[in-house]
>>> print(open('data_6.txt').read())   # compact mmCIF, C-alpha atoms
# COMPACT_ATOMS: atom_id res chain seq x y z
CA MET A 235 -76.53 99.70 147.21
CA ALA A 236 -74.39 96.62 146.83
CA SER A 237 -72.66 97.58 143.62
CA THR A 238 -69.23 96.43 142.55
CA ALA A 239 -68.11 99.63 140.92
CA ALA A 240 -64.50 100.78 141.27
CA VAL A 241 -63.08 97.96 143.30
CA PRO A 242 -59.70 99.13 144.56
CA PHE A 243 -56.68 97.57 142.90
CA TRP A 244 -55.60 95.55 145.88
CA ARG A 245 -58.91 93.90 146.35
CA SER A 246 -59.08 92.81 142.76
CA ALA A 247 -55.57 91.44 143.23
CA GLY A 248 -56.90 89.14 145.94
CA MET A 249 -55.67 90.92 149.05
CA THR A 250 -57.79 91.67 152.03
CA TYR A 251 -57.84 95.00 153.77
CA ILE A 252 -55.71 93.55 156.53
CA THR A 253 -52.95 92.58 154.13
CA TYR A 254 -53.11 95.97 152.49
CA SER A 255 -52.77 97.82 155.77
CA ASN A 256 -49.93 95.53 156.84
CA ILE A 257 -47.97 96.32 153.72
CA CYS A 258 -48.54 100.03 154.23
CA ALA A 259 -47.40 99.73 157.84
CA ASN A 260 -44.30 97.90 156.71
CA LEU A 261 -43.50 100.71 154.30
CA VAL A 262 -43.90 103.27 157.05
CA ARG A 263 -41.67 101.28 159.37
CA ASN A 264 -38.96 101.12 156.73
CA CYS A 265 -38.93 104.90 156.57
CA LEU A 266 -37.71 105.23 160.14
CA LYS A 267 -34.16 106.05 161.09
CA GLU A 268 -31.98 103.92 163.27
CA PRO A 269 -32.30 103.01 166.17
CA TYR A 270 -36.08 103.26 165.99
CA LYS A 271 -36.08 101.25 162.82
CA SER A 272 -34.70 98.10 164.39
CA GLU A 273 -37.14 98.40 167.27
CA ALA A 274 -39.99 98.70 164.85
CA ILE A 275 -38.79 95.79 162.75
CA SER A 276 -38.70 93.63 165.86
CA ARG A 277 -42.38 94.44 166.34
CA GLU A 278 -43.15 92.84 163.03
CA LYS A 279 -41.97 89.32 163.52
CA VAL A 280 -44.40 86.55 162.75
CA HIS A 281 -44.18 82.93 163.75
CA PHE A 282 -46.90 80.35 164.07
CA SER A 283 -47.86 77.00 162.69
CA VAL A 284 -51.22 76.43 161.07
CA SER A 285 -52.84 73.24 159.87
CA LYS A 286 -56.08 72.59 158.09
CA TRP A 287 -58.42 69.85 159.21
CA THR A 288 -60.49 67.70 156.93
CA ASP A 289 -63.02 65.19 158.17
CA GLY A 290 -61.67 65.11 161.67
CA LYS A 291 -58.09 64.57 160.57
CA GLN A 292 -55.31 67.01 160.90
CA GLU A 293 -53.12 67.62 157.91
CA LYS A 294 -49.46 68.39 158.04
CA PRO A 295 -48.89 71.75 159.71
CA THR A 296 -47.18 74.51 157.80
CA ILE A 297 -45.04 76.94 159.69
CA ARG A 298 -45.23 80.56 158.76
CA SER A 299 -42.13 82.13 160.09
CA ASP A 300 -41.25 84.45 157.29
CA SER A 301 -41.50 88.16 156.93
CA PRO A 302 -44.86 89.36 158.06
CA ASP A 303 -46.35 90.54 154.81
CA ALA A 304 -48.74 87.72 154.09
CA MET B 25 -20.59 61.80 223.18
CA ALA B 26 -22.67 59.67 225.44
CA MET B 27 -24.61 58.60 222.43
CA ALA B 28 -21.41 57.59 220.72
CA ALA B 29 -20.50 55.39 223.68
CA ILE B 30 -23.90 53.76 223.64
CA ARG B 31 -23.53 53.20 219.94
CA ARG B 32 -20.25 51.44 220.41
CA GLU B 33 -21.81 49.36 223.10
CA GLY B 34 -24.71 48.64 220.84
CA ARG B 35 -22.39 47.46 218.13
CA ARG B 36 -21.34 44.47 220.16
CA PHE B 37 -24.82 43.11 219.77
CA THR B 38 -25.09 43.74 216.08
CA PRO B 39 -22.74 41.40 214.26
CA LEU B 40 -23.69 42.87 210.94
CA VAL B 41 -23.27 46.56 210.57
CA SER B 42 -23.96 47.25 207.01
CA SER B 43 -23.74 50.95 206.55
CA PRO B 44 -23.85 51.64 202.86
CA ASN B 45 -22.88 55.27 203.25
CA PRO B 46 -20.18 55.67 205.87
CA THR B 47 -20.11 59.44 205.30
CA PHE B 48 -23.79 59.50 205.98
CA ASN B 49 -23.19 57.76 209.26
CA ALA B 50 -20.44 60.12 210.25
CA ILE B 51 -22.71 63.10 209.79
CA ARG B 52 -25.78 61.57 211.27
CA SER B 53 -24.22 59.46 213.97
CA THR B 54 -26.14 61.08 216.77
CA LEU B 55 -29.32 61.53 214.86
CA ALA B 56 -30.29 58.41 213.07
CA PRO B 57 -28.72 55.24 214.30
CA SER B 58 -30.99 53.29 212.03
CA GLU B 59 -28.88 53.52 208.90
CA GLU B 60 -29.01 49.80 208.42
CA GLN B 61 -31.57 49.27 205.77
CA ILE B 62 -31.73 46.21 203.69
CA GLY B 63 -30.02 43.57 205.72
CA LEU B 64 -31.42 44.55 209.09
CA GLY B 65 -34.65 46.24 208.18
CA VAL B 66 -36.51 44.23 210.75
CA ARG B 67 -34.70 45.63 213.71
CA SER B 68 -34.70 49.31 212.98
CA ILE B 69 -37.06 51.73 211.33
CA SER B 70 -35.67 53.43 208.27
CA THR B 71 -36.13 57.14 207.81
CA GLN B 72 -34.58 57.06 204.36
CA ILE B 73 -37.90 56.97 202.57
CA VAL B 74 -39.28 59.96 204.42
CA ARG B 75 -36.06 61.85 203.88
CA ASN B 76 -36.22 61.25 200.14
CA ARG B 77 -39.77 62.49 199.98
CA MET B 78 -38.87 65.58 201.93
CA LYS B 79 -36.05 66.38 199.54
CA SER B 80 -38.23 66.01 196.46
CA VAL B 81 -41.08 68.06 197.94
CA LYS B 82 -38.66 70.81 198.80
CA ASN B 83 -37.35 70.86 195.24
CA ILE B 84 -40.86 71.04 193.87
CA GLN B 85 -41.60 73.95 196.14
CA LYS B 86 -38.56 75.83 194.85
CA ILE B 87 -39.55 75.18 191.24
CA THR B 88 -43.13 76.35 191.69
CA LYS B 89 -41.98 79.47 193.49
CA ALA B 90 -39.67 80.28 190.60
CA MET B 91 -42.44 79.67 188.07
CA LYS B 92 -44.71 82.00 189.98
CA MET B 93 -42.14 84.80 189.82
CA VAL B 94 -41.58 84.27 186.11
CA ALA B 95 -45.32 84.41 185.49
CA ALA B 96 -45.64 87.56 187.59
CA SER B 97 -42.96 89.36 185.62
CA LYS B 98 -44.44 88.29 182.28
CA LEU B 99 -47.85 89.42 183.45
CA ARG B 100 -46.60 92.87 184.27
CA ALA B 101 -45.12 93.26 180.82
CA ILE B 102 -48.19 92.15 178.94
CA GLN B 103 -50.89 93.72 181.09
CA VAL B 104 -50.14 97.25 179.95
CA ARG B 105 -50.39 96.26 176.31
CA ALA B 106 -53.64 94.41 176.82
CA GLU B 107 -55.28 97.37 178.48
CA ASN B 108 -54.06 99.68 175.78
CA SER B 109 -55.37 97.41 173.07
CA ARG B 110 -58.90 97.67 174.41
CA GLY B 111 -59.14 101.02 172.73
CA LEU B 112 -58.82 99.37 169.33
CA TRP B 113 -62.14 97.64 169.19
CA GLN B 114 -64.27 99.95 171.26
CA PRO B 115 -65.04 102.32 168.37
CA PHE B 116 -66.03 99.32 166.29
CA THR B 117 -68.50 98.15 168.85
CA ALA B 118 -69.88 101.67 169.08
CA LEU B 119 -70.32 101.75 165.32
CA LEU B 120 -71.29 98.28 164.34
CA GLY B 121 -72.53 96.80 167.58
CA ASP B 122 -71.74 93.44 169.11
CA THR B 123 -74.68 91.15 168.61
CA PRO B 124 -74.16 87.66 169.94
CA SER B 125 -77.79 86.87 169.33
CA VAL B 126 -77.58 87.22 165.57
CA ASN B 127 -79.11 84.38 163.66
CA VAL B 128 -76.93 83.23 160.79
CA LYS B 129 -76.30 80.15 158.79
CA LYS B 130 -72.56 79.72 159.04
CA ASN B 131 -71.02 80.21 162.41
CA VAL B 132 -67.36 79.92 163.13
CA ILE B 133 -66.17 79.75 166.70
CA VAL B 134 -62.60 80.93 167.28
CA THR B 135 -61.33 79.49 170.53
CA ILE B 136 -58.23 81.06 171.99
CA SER B 137 -56.25 78.92 174.42
CA SER B 138 -52.70 78.60 175.62
CA ASP B 139 -49.90 76.42 174.37
CA LYS B 140 -48.40 75.60 177.74
CA GLY B 141 -50.09 73.99 180.67
CA LEU B 142 -50.01 74.51 184.43
CA CYS B 143 -52.25 77.53 184.16
CA GLY B 144 -55.28 76.61 186.18
CA GLY B 145 -58.70 76.20 184.63
CA ILE B 146 -58.82 78.91 181.99
CA ASN B 147 -58.51 76.59 179.02
CA SER B 148 -61.28 74.37 180.29
CA THR B 149 -63.63 77.31 180.72
CA SER B 150 -62.90 78.53 177.20
CA VAL B 151 -63.60 75.11 175.77
CA LYS B 152 -66.78 74.80 177.82
CA ILE B 153 -68.09 78.10 176.49
CA SER B 154 -67.16 77.11 172.94
CA ARG B 155 -69.07 73.88 173.24
CA ALA B 156 -72.08 75.70 174.66
CA LEU B 157 -72.01 78.17 171.78
CA HIS B 158 -71.78 75.30 169.36
CA LYS B 159 -74.82 73.67 170.88
CA ILE B 160 -76.83 76.86 170.77
CA ASN B 161 -75.97 77.63 167.20
CA ALA B 162 -75.99 74.28 165.52
CA GLY B 163 -79.52 73.95 164.28
CA PRO B 164 -81.02 72.08 161.34
CA ASP B 165 -80.04 74.66 158.77
CA SER B 166 -77.02 76.27 160.32
CA GLU B 167 -73.59 74.85 160.77
CA CYS B 168 -70.92 75.62 163.26
CA LYS B 169 -67.18 75.17 162.88
CA TYR B 170 -64.18 75.64 165.14
CA VAL B 171 -60.92 77.44 164.61
CA ILE B 172 -58.54 76.73 167.45
CA LEU B 173 -55.55 78.76 168.56
CA GLY B 174 -53.29 77.01 171.04
CA GLU B 175 -52.41 73.46 171.92
CA LYS B 176 -54.49 73.05 175.03
CA GLY B 177 -57.74 73.94 173.36
CA LYS B 178 -56.96 71.62 170.49
CA ALA B 179 -56.28 68.74 172.85
CA GLN B 180 -59.61 69.21 174.58
CA LEU B 181 -61.74 69.80 171.52
CA ILE B 182 -60.28 66.85 169.64
CA ARG B 183 -62.00 64.51 172.02
CA ASP B 184 -65.54 65.09 170.91
CA SER B 185 -65.68 67.65 168.12
CA LYS B 186 -63.07 66.36 165.70
CA LYS B 187 -65.29 66.69 162.69
CA ASP B 188 -66.10 70.31 163.28
CA ILE B 189 -62.60 71.67 163.43
CA GLU B 190 -61.64 73.75 160.45
CA LEU B 191 -58.20 75.20 161.27
CA SER B 192 -55.82 74.98 164.16
CA MET B 193 -52.87 77.21 164.96
CA THR B 194 -50.15 76.72 167.52
CA GLU B 195 -46.77 78.16 168.55
CA LEU B 196 -48.12 81.64 168.72
CA GLN B 197 -46.02 82.94 171.57
CA LYS B 198 -42.60 82.29 170.21
CA ASN B 199 -42.02 85.96 169.52
CA PHE B 200 -43.46 88.79 171.45
CA LEU B 201 -47.14 89.12 170.60
CA ASN B 202 -47.63 91.86 168.05
CA TYR B 203 -50.37 93.11 165.82
CA THR B 204 -48.72 91.94 162.64
CA GLN B 205 -48.74 88.33 163.72
CA VAL B 206 -52.34 88.42 164.81
CA SER B 207 -53.38 90.11 161.61
CA VAL B 208 -51.67 87.43 159.53
CA ILE B 209 -53.60 84.83 161.50
CA ALA B 210 -56.82 86.77 160.99
CA ASP B 211 -56.04 86.97 157.31
CA ASP B 212 -55.55 83.22 157.14
CA ILE B 213 -58.87 82.64 158.81
CA LEU B 214 -60.63 85.04 156.48
CA LYS B 215 -59.18 83.40 153.42
CA ASN B 216 -59.70 79.79 154.41
CA VAL B 217 -62.98 79.73 156.23
CA GLU B 218 -66.39 80.71 154.98
CA PHE B 219 -68.38 82.41 157.63
CA ASP B 220 -71.35 84.59 158.27
CA ALA B 221 -70.52 85.30 161.87
CA LEU B 222 -67.34 84.80 163.82
CA ARG B 223 -67.54 84.25 167.52
CA ILE B 224 -64.28 84.71 169.36
CA VAL B 225 -64.04 83.03 172.76
CA PHE B 226 -61.32 84.12 175.14
CA ASN B 227 -60.65 84.93 178.80
CA LYS B 228 -60.88 88.60 179.57
CA PHE B 229 -58.46 89.84 182.15
CA GLN B 230 -60.25 91.60 185.00
CA SER B 231 -57.61 91.40 187.68
CA VAL B 232 -54.84 89.10 188.77
CA VAL B 233 -57.25 86.66 190.34
CA SER B 234 -60.32 86.97 188.16
CA PHE B 235 -60.67 86.09 184.49
CA LEU B 236 -64.02 86.28 182.76
CA PRO B 237 -64.65 84.06 179.77
CA THR B 238 -66.09 86.34 177.09
CA THR B 239 -67.19 86.07 173.53
CA SER B 240 -67.13 88.76 170.86
CA THR B 241 -69.04 88.51 167.66
CA VAL B 242 -67.83 89.82 164.33
CA LEU B 243 -70.17 89.69 161.39
CA SER B 244 -69.31 89.32 157.77
CA PRO B 245 -70.10 92.33 155.57
CA GLU B 246 -73.13 90.78 153.93
CA ILE B 247 -74.73 90.11 157.25
CA VAL B 248 -73.94 93.62 158.39
CA GLU B 249 -75.78 94.92 155.37
CA ARG B 250 -78.70 92.71 156.08
CA GLU B 251 -78.84 93.83 159.67
CA SER B 252 -78.47 97.45 158.73
CA GLU B 253 -81.46 97.22 156.48
CA ALA B 254 -83.39 95.69 159.29
CA GLY B 255 -82.78 98.75 161.40
CA GLY B 256 -81.43 98.85 164.89
CA LYS B 257 -78.01 100.06 165.87
CA ILE B 258 -76.36 99.18 162.62
CA GLY B 259 -79.10 100.94 160.71
CA ASP B 260 -77.55 104.24 161.71
CA LEU B 261 -74.72 103.54 159.33
CA ASP B 262 -76.43 105.51 156.62
CA SER B 263 -76.21 108.66 158.61
CA TYR B 264 -72.42 108.63 158.31
CA GLU B 265 -70.76 110.36 155.42
CA ILE B 266 -68.40 108.24 153.41
CA GLU B 267 -65.40 109.94 151.90
CA GLY B 268 -63.76 108.78 148.74
CA GLY B 269 -65.22 106.97 145.83
CA GLU B 270 -66.19 103.89 147.73
CA THR B 271 -69.61 102.50 148.09
CA LYS B 272 -71.15 101.42 151.33
CA SER B 273 -70.47 97.76 150.73
CA GLU B 274 -66.81 98.49 150.09
CA VAL B 275 -66.49 100.37 153.32
CA LEU B 276 -68.36 97.69 155.19
CA GLN B 277 -66.08 94.99 153.89
CA ASN B 278 -62.94 96.85 154.88
CA LEU B 279 -64.39 97.74 158.22
CA SER B 280 -65.46 94.23 159.00
CA GLU B 281 -62.06 92.78 158.16
CA PHE B 282 -60.29 95.37 160.21
CA GLN B 283 -62.72 94.84 163.06
CA PHE B 284 -61.96 91.15 163.06
CA SER B 285 -58.25 91.80 163.19
CA CYS B 286 -58.54 94.30 166.04
CA VAL B 287 -60.84 92.13 168.09
CA MET B 288 -58.50 89.18 167.61
CA PHE B 289 -55.52 91.23 168.71
CA ASN B 290 -57.24 92.29 171.89
CA ALA B 291 -58.52 88.78 172.53
CA VAL B 292 -55.09 87.20 172.14
CA LEU B 293 -53.49 89.73 174.46
CA GLU B 294 -56.18 89.38 177.10
CA ASN B 295 -55.96 85.63 176.96
CA ALA B 296 -52.20 85.75 177.38
CA CYS B 297 -52.66 88.01 180.42
CA SER B 298 -55.19 85.66 181.92
CA GLU B 299 -52.91 82.72 181.27
CA GLN B 300 -50.04 84.32 183.17
CA GLY B 301 -52.31 85.38 186.02
CA ALA B 302 -53.84 81.93 186.31
CA ARG B 303 -50.41 80.34 186.23
CA MET B 304 -49.27 82.67 189.00
CA SER B 305 -52.12 81.73 191.29
CA ALA B 306 -51.83 78.03 190.44
CA MET B 307 -48.11 78.00 191.23
CA ASP B 308 -48.72 79.97 194.38
CA SER B 309 -51.26 77.50 195.72
CA SER B 310 -49.04 74.61 194.71
CA SER B 311 -46.05 75.98 196.64
CA ARG B 312 -48.29 76.49 199.62
CA ASN B 313 -49.44 72.89 199.37
CA ALA B 314 -45.84 71.75 199.09
CA GLY B 315 -45.04 73.70 202.26
CA ASP B 316 -47.90 72.00 204.10
CA MET B 317 -46.77 68.63 202.88
CA LEU B 318 -43.25 69.37 204.03
CA ASP B 319 -44.49 70.23 207.53
CA ARG B 320 -46.42 67.01 207.78
CA LEU B 321 -43.48 64.98 206.54
CA THR B 322 -41.14 66.65 209.01
CA LEU B 323 -43.42 65.67 211.86
CA THR B 324 -43.55 62.08 210.65
CA TYR B 325 -39.80 62.03 210.22
CA ASN B 326 -39.16 63.28 213.74
CA ARG B 327 -41.59 60.81 215.21
CA THR B 328 -39.98 57.94 213.36
CA ARG B 329 -36.52 59.04 214.32
CA GLN B 330 -37.35 59.36 218.00
CA ALA B 331 -39.11 56.00 218.01
CA SER B 332 -36.09 54.30 216.50
CA ILE B 333 -33.72 55.92 218.99
CA THR B 334 -35.93 54.79 221.86
CA THR B 335 -36.07 51.24 220.49
CA GLU B 336 -32.32 51.10 220.11
CA LEU B 337 -31.77 52.40 223.62
CA THR B 338 -34.21 49.94 225.19
CA GLU B 339 -32.58 47.02 223.45
CA ILE B 340 -29.11 48.04 224.49
CA ILE B 341 -30.07 48.62 228.07
CA SER B 342 -32.05 45.45 228.38
CA GLY B 343 -29.21 43.54 226.80
CA ALA B 344 -26.69 45.10 229.19
CA SER B 345 -28.84 44.40 232.22
CA ALA B 346 -29.36 40.81 231.04
CA LEU B 347 -25.61 40.39 230.92
CA GLU B 348 -25.05 41.77 234.38
CA GLY B 349 -27.92 40.11 236.11
>>> encode(input="data_6.txt", output="structure tokens")
Amino acid sequence: MASTAAVPFWRSAGMTYITYSNICANLVRNCLKEPYKSEAISREKVHFSVSKWTDGKQEKPTIRSDSPDA
Amino acid sequence: MAMAAIRREGRRFTPLVSSPNPTFNAIRSTLAPSEEQIGLGVRSISTQIVRNRMKSVKNIQKITKAMKMVAASKLRAIQVRAENSRGLWQPFTALLGDTPSVNVKKNVIVTISSDKGLCGGINSTSVKISRALHKINAGPDSECKYVILGEKGKAQLIRDSKKDIELSMTELQKNFLNYTQVSVIADDILKNVEFDALRIVFNKFQSVVSFLPTTSTVLSPEIVERESEAGGKIGDLDSYEIEGGETKSEVLQNLSEFQFSCVMFNAVLENACSEQGARMSAMDSSSRNAGDMLDRLTLTYNRTRQASITTELTEIISGASALEG
């Protein structure tokens, strides 16, 4: 049952399903007309800071404040 | 007016009248004759200290009242979205089940906490539950790691579980909370952390005064397959028809990722709701305490003031009678 036949193109490109659906949602949002478009774009903003930890030590945090598509 | 005359009389017996704030004296001439502080502190009781405390307590009360209103308005805005987002993960739980008792090798505990403080005890309860989960799941052949969202959780978990932290994320609430942001976070976690089961710990919002710490479990697709072969709720997956050219493992992988993202979204919203509600009740009790403190201080202040007036009067009168007699 666990075969690897016909992996979709985005998964073989390294994206997860979440990323794929986010990109699709972004495309849909760009199809809207004003003023709904600017409202929808404001729902897409991303900002947080993430940092990896190794051996009990925190590395330098990277801030992801760009456009929301991964 | 009579008091003013007595004051003038009293001044003959006080060679040093050091009044640092003459405007103060003009306003309070009938109230607090004991303005002399440093040079003549022995003779009169100073109410300056009590007055300063009263002023600062009153300011604190105003600030906490304002914070409570801000938290109430934020709560109203976010509560509707949190309740609407519950519909996102309910179909997933109906399909794939929520099995906190699953026995896996690699556990990852996602603790959701707030960035700002002054919100009561919700962060401590989240951290307590996370630690308990860690203890339950960390056996000889299974490991348990933390992913922390929010500053307060990080500060508490650093103290004793530094080695088990995998990722930490902060500054989540800068923009309005939206699905895109949470899904990017979920994506980061999926890419950076190996897991068999993810346990998300957050505070579920029941009402303005009650927040239940809850944990949701999301399994990785391999484990879902294993469980589905073992029968039980997930075993019914085979009875569903799958459209398209995808195999069952494909569908399971997509579903599990999407489930993680939806559960995270709901968890973050509910935690934000609980944070605002807890902050509201904390600020409310603190303004009430400030009001009580203010009452007590006012009583002390009045007592001190009356005692000093009586002392001053007695001295003047005894001095005057000593002169006459």
>>> residues_around(input="data_6.txt", residues="Asn199 in chain B", least_positions_apart="3", cutoff="8 Å", atoms="only C-alpha atoms", output="ChimeraX atom specification")
/A:279-281 /B:196
>>> residues_around(input="data_6.txt", residues="range 303-308 of chain B", least_positions_apart="2", cutoff="7 Å", atoms="only C-alpha atoms", output="ChimeraX atom specification")
/B:88-89,91-92,95-96,142-144,299-301,310-312
>>> closest_atom_pairs(input="data_6.txt", of="chain B", to="chain A", cutoff="6 Å", atoms="all atoms listed in the file", output="CSV")
residue,atom,partner,partner_atom,distance
B:Lys186,CA,A:Gly290,CA,4.4
B:Lys187,CA,A:Gly290,CA,4.1
B:Glu190,CA,A:Trp287,CA,5.2
B:Leu191,CA,A:Lys286,CA,4.6
B:Ser192,CA,A:Ser285,CA,5.5
B:Met193,CA,A:Val284,CA,4.3
B:Thr194,CA,A:Ser283,CA,5.4
B:Glu195,CA,A:Phe282,CA,5.0
B:Leu196,CA,A:Phe282,CA,5.0
B:Thr204,CA,A:Glu278,CA,5.7
B:Gln205,CA,A:Val280,CA,4.8
B:Ser273,CA,A:Ala236,CA,5.6
B:Asn278,CA,A:Tyr251,CA,5.5
>>> residues_around(input="data_6.txt", residues="Trp113 in chain B", least_positions_apart="2", cutoff="12 Å", atoms="all atoms listed in the file", output="list of chain:residue names")
B:Ala106, B:Glu107, B:Asn108, B:Ser109, B:Arg110, B:Gly111, B:Pro115, B:Phe116, B:Thr117, B:Ala118, B:Leu119, B:Leu120, B:Gly121, B:Asp122, B:Ser240, B:Thr241, B:Val242, B:Leu279, B:Ser280, B:Phe282, B:Gln283, B:Phe284, B:Ser285, B:Cys286, B:Val287, B:Met288, B:Phe289, B:Asn290, B:Ala291
>>> atom_distance(input="data_6.txt", atom1="CA of Asp188 in chain B", atom2="CA of Asp212 in chain B")
17.8 Å
>>> closest_residue(input="data_6.txt", among="B:Val128, B:Leu243, B:Val225, B:Val206", to="Gly177 in chain B", atoms="all atoms listed in the file")
B:Val225
>>> build_atoms(input="data_6.txt", residues="range 264-271 of chain A", atoms="all heavy atoms", output="tab-separated table (two decimals), in the frame of the given file")
chain	number	residue	atom	x	y	z
A	264	ASN	N	-40.25	101.07	157.41
A	264	ASN	CA	-38.96	101.12	156.73
A	264	ASN	C	-38.48	102.54	156.54
A	264	ASN	O	-37.32	102.75	156.20
A	264	ASN	CB	-39.07	100.44	155.36
A	264	ASN	CG	-38.98	98.95	155.50
A	264	ASN	OD1	-38.38	98.46	156.43
A	264	ASN	ND2	-39.58	98.22	154.58
A	265	CYS	N	-39.36	103.52	156.75
A	265	CYS	CA	-38.93	104.90	156.57
A	265	CYS	C	-38.27	105.45	157.81
A	265	CYS	O	-37.79	106.59	157.79
A	265	CYS	CB	-40.14	105.80	156.25
A	265	CYS	SG	-40.95	105.33	154.77
A	266	LEU	N	-38.28	104.70	158.91
A	266	LEU	CA	-37.71	105.23	160.14
A	266	LEU	C	-36.20	105.23	160.08
A	266	LEU	O	-35.59	104.54	159.29
A	266	LEU	CB	-38.16	104.38	161.32
A	266	LEU	CG	-39.62	104.42	161.68
A	266	LEU	CD1	-39.92	103.36	162.70
A	266	LEU	CD2	-39.98	105.77	162.24
A	267	LYS	N	-35.62	106.06	160.99
A	267	LYS	CA	-34.16	106.05	161.09
A	267	LYS	C	-33.77	105.09	162.19
A	267	LYS	O	-34.54	104.78	163.08
A	267	LYS	CB	-33.68	107.45	161.48
A	267	LYS	CG	-33.69	108.43	160.33
A	267	LYS	CD	-32.70	109.52	160.58
A	267	LYS	CE	-33.38	110.67	161.31
A	267	LYS	NZ	-32.53	111.89	161.24
A	268	GLU	N	-32.51	104.69	162.15
A	268	GLU	CA	-31.98	103.92	163.27
A	268	GLU	C	-31.94	104.80	164.48
A	268	GLU	O	-31.68	105.98	164.37
A	268	GLU	CB	-30.58	103.43	162.95
A	268	GLU	CG	-30.54	102.49	161.78
A	268	GLU	CD	-31.17	101.15	162.11
A	268	GLU	OE1	-31.27	100.83	163.29
A	268	GLU	OE2	-31.59	100.46	161.18
A	269	PRO	N	-32.05	104.37	165.73
A	269	PRO	CA	-32.30	103.01	166.17
A	269	PRO	C	-33.77	102.62	166.18
A	269	PRO	O	-34.10	101.48	166.44
A	269	PRO	CB	-31.75	103.01	167.59
A	269	PRO	CG	-31.98	104.41	168.05
A	269	PRO	CD	-31.87	105.29	166.86
A	270	TYR	N	-34.66	103.59	165.90
A	270	TYR	CA	-36.08	103.26	165.99
A	270	TYR	C	-36.48	102.22	164.97
A	270	TYR	O	-37.44	101.48	165.15
A	270	TYR	CB	-36.90	104.53	165.78
A	270	TYR	CG	-36.54	105.60	166.78
A	270	TYR	CD1	-35.80	106.71	166.39
A	270	TYR	CD2	-36.90	105.48	168.10
A	270	TYR	CE1	-35.46	107.67	167.30
A	270	TYR	CE2	-36.56	106.43	169.02
A	270	TYR	CZ	-35.83	107.54	168.62
A	270	TYR	OH	-35.48	108.48	169.52
A	271	LYS	N	-35.70	102.17	163.89
A	271	LYS	CA	-36.08	101.25	162.82
A	271	LYS	C	-35.96	99.80	163.29
A	271	LYS	O	-36.84	98.99	163.04
A	271	LYS	CB	-35.18	101.49	161.62
A	271	LYS	CG	-35.56	100.67	160.43
A	271	LYS	CD	-34.81	101.17	159.22
A	271	LYS	CE	-35.25	100.37	158.02
A	271	LYS	NZ	-34.55	100.82	156.83
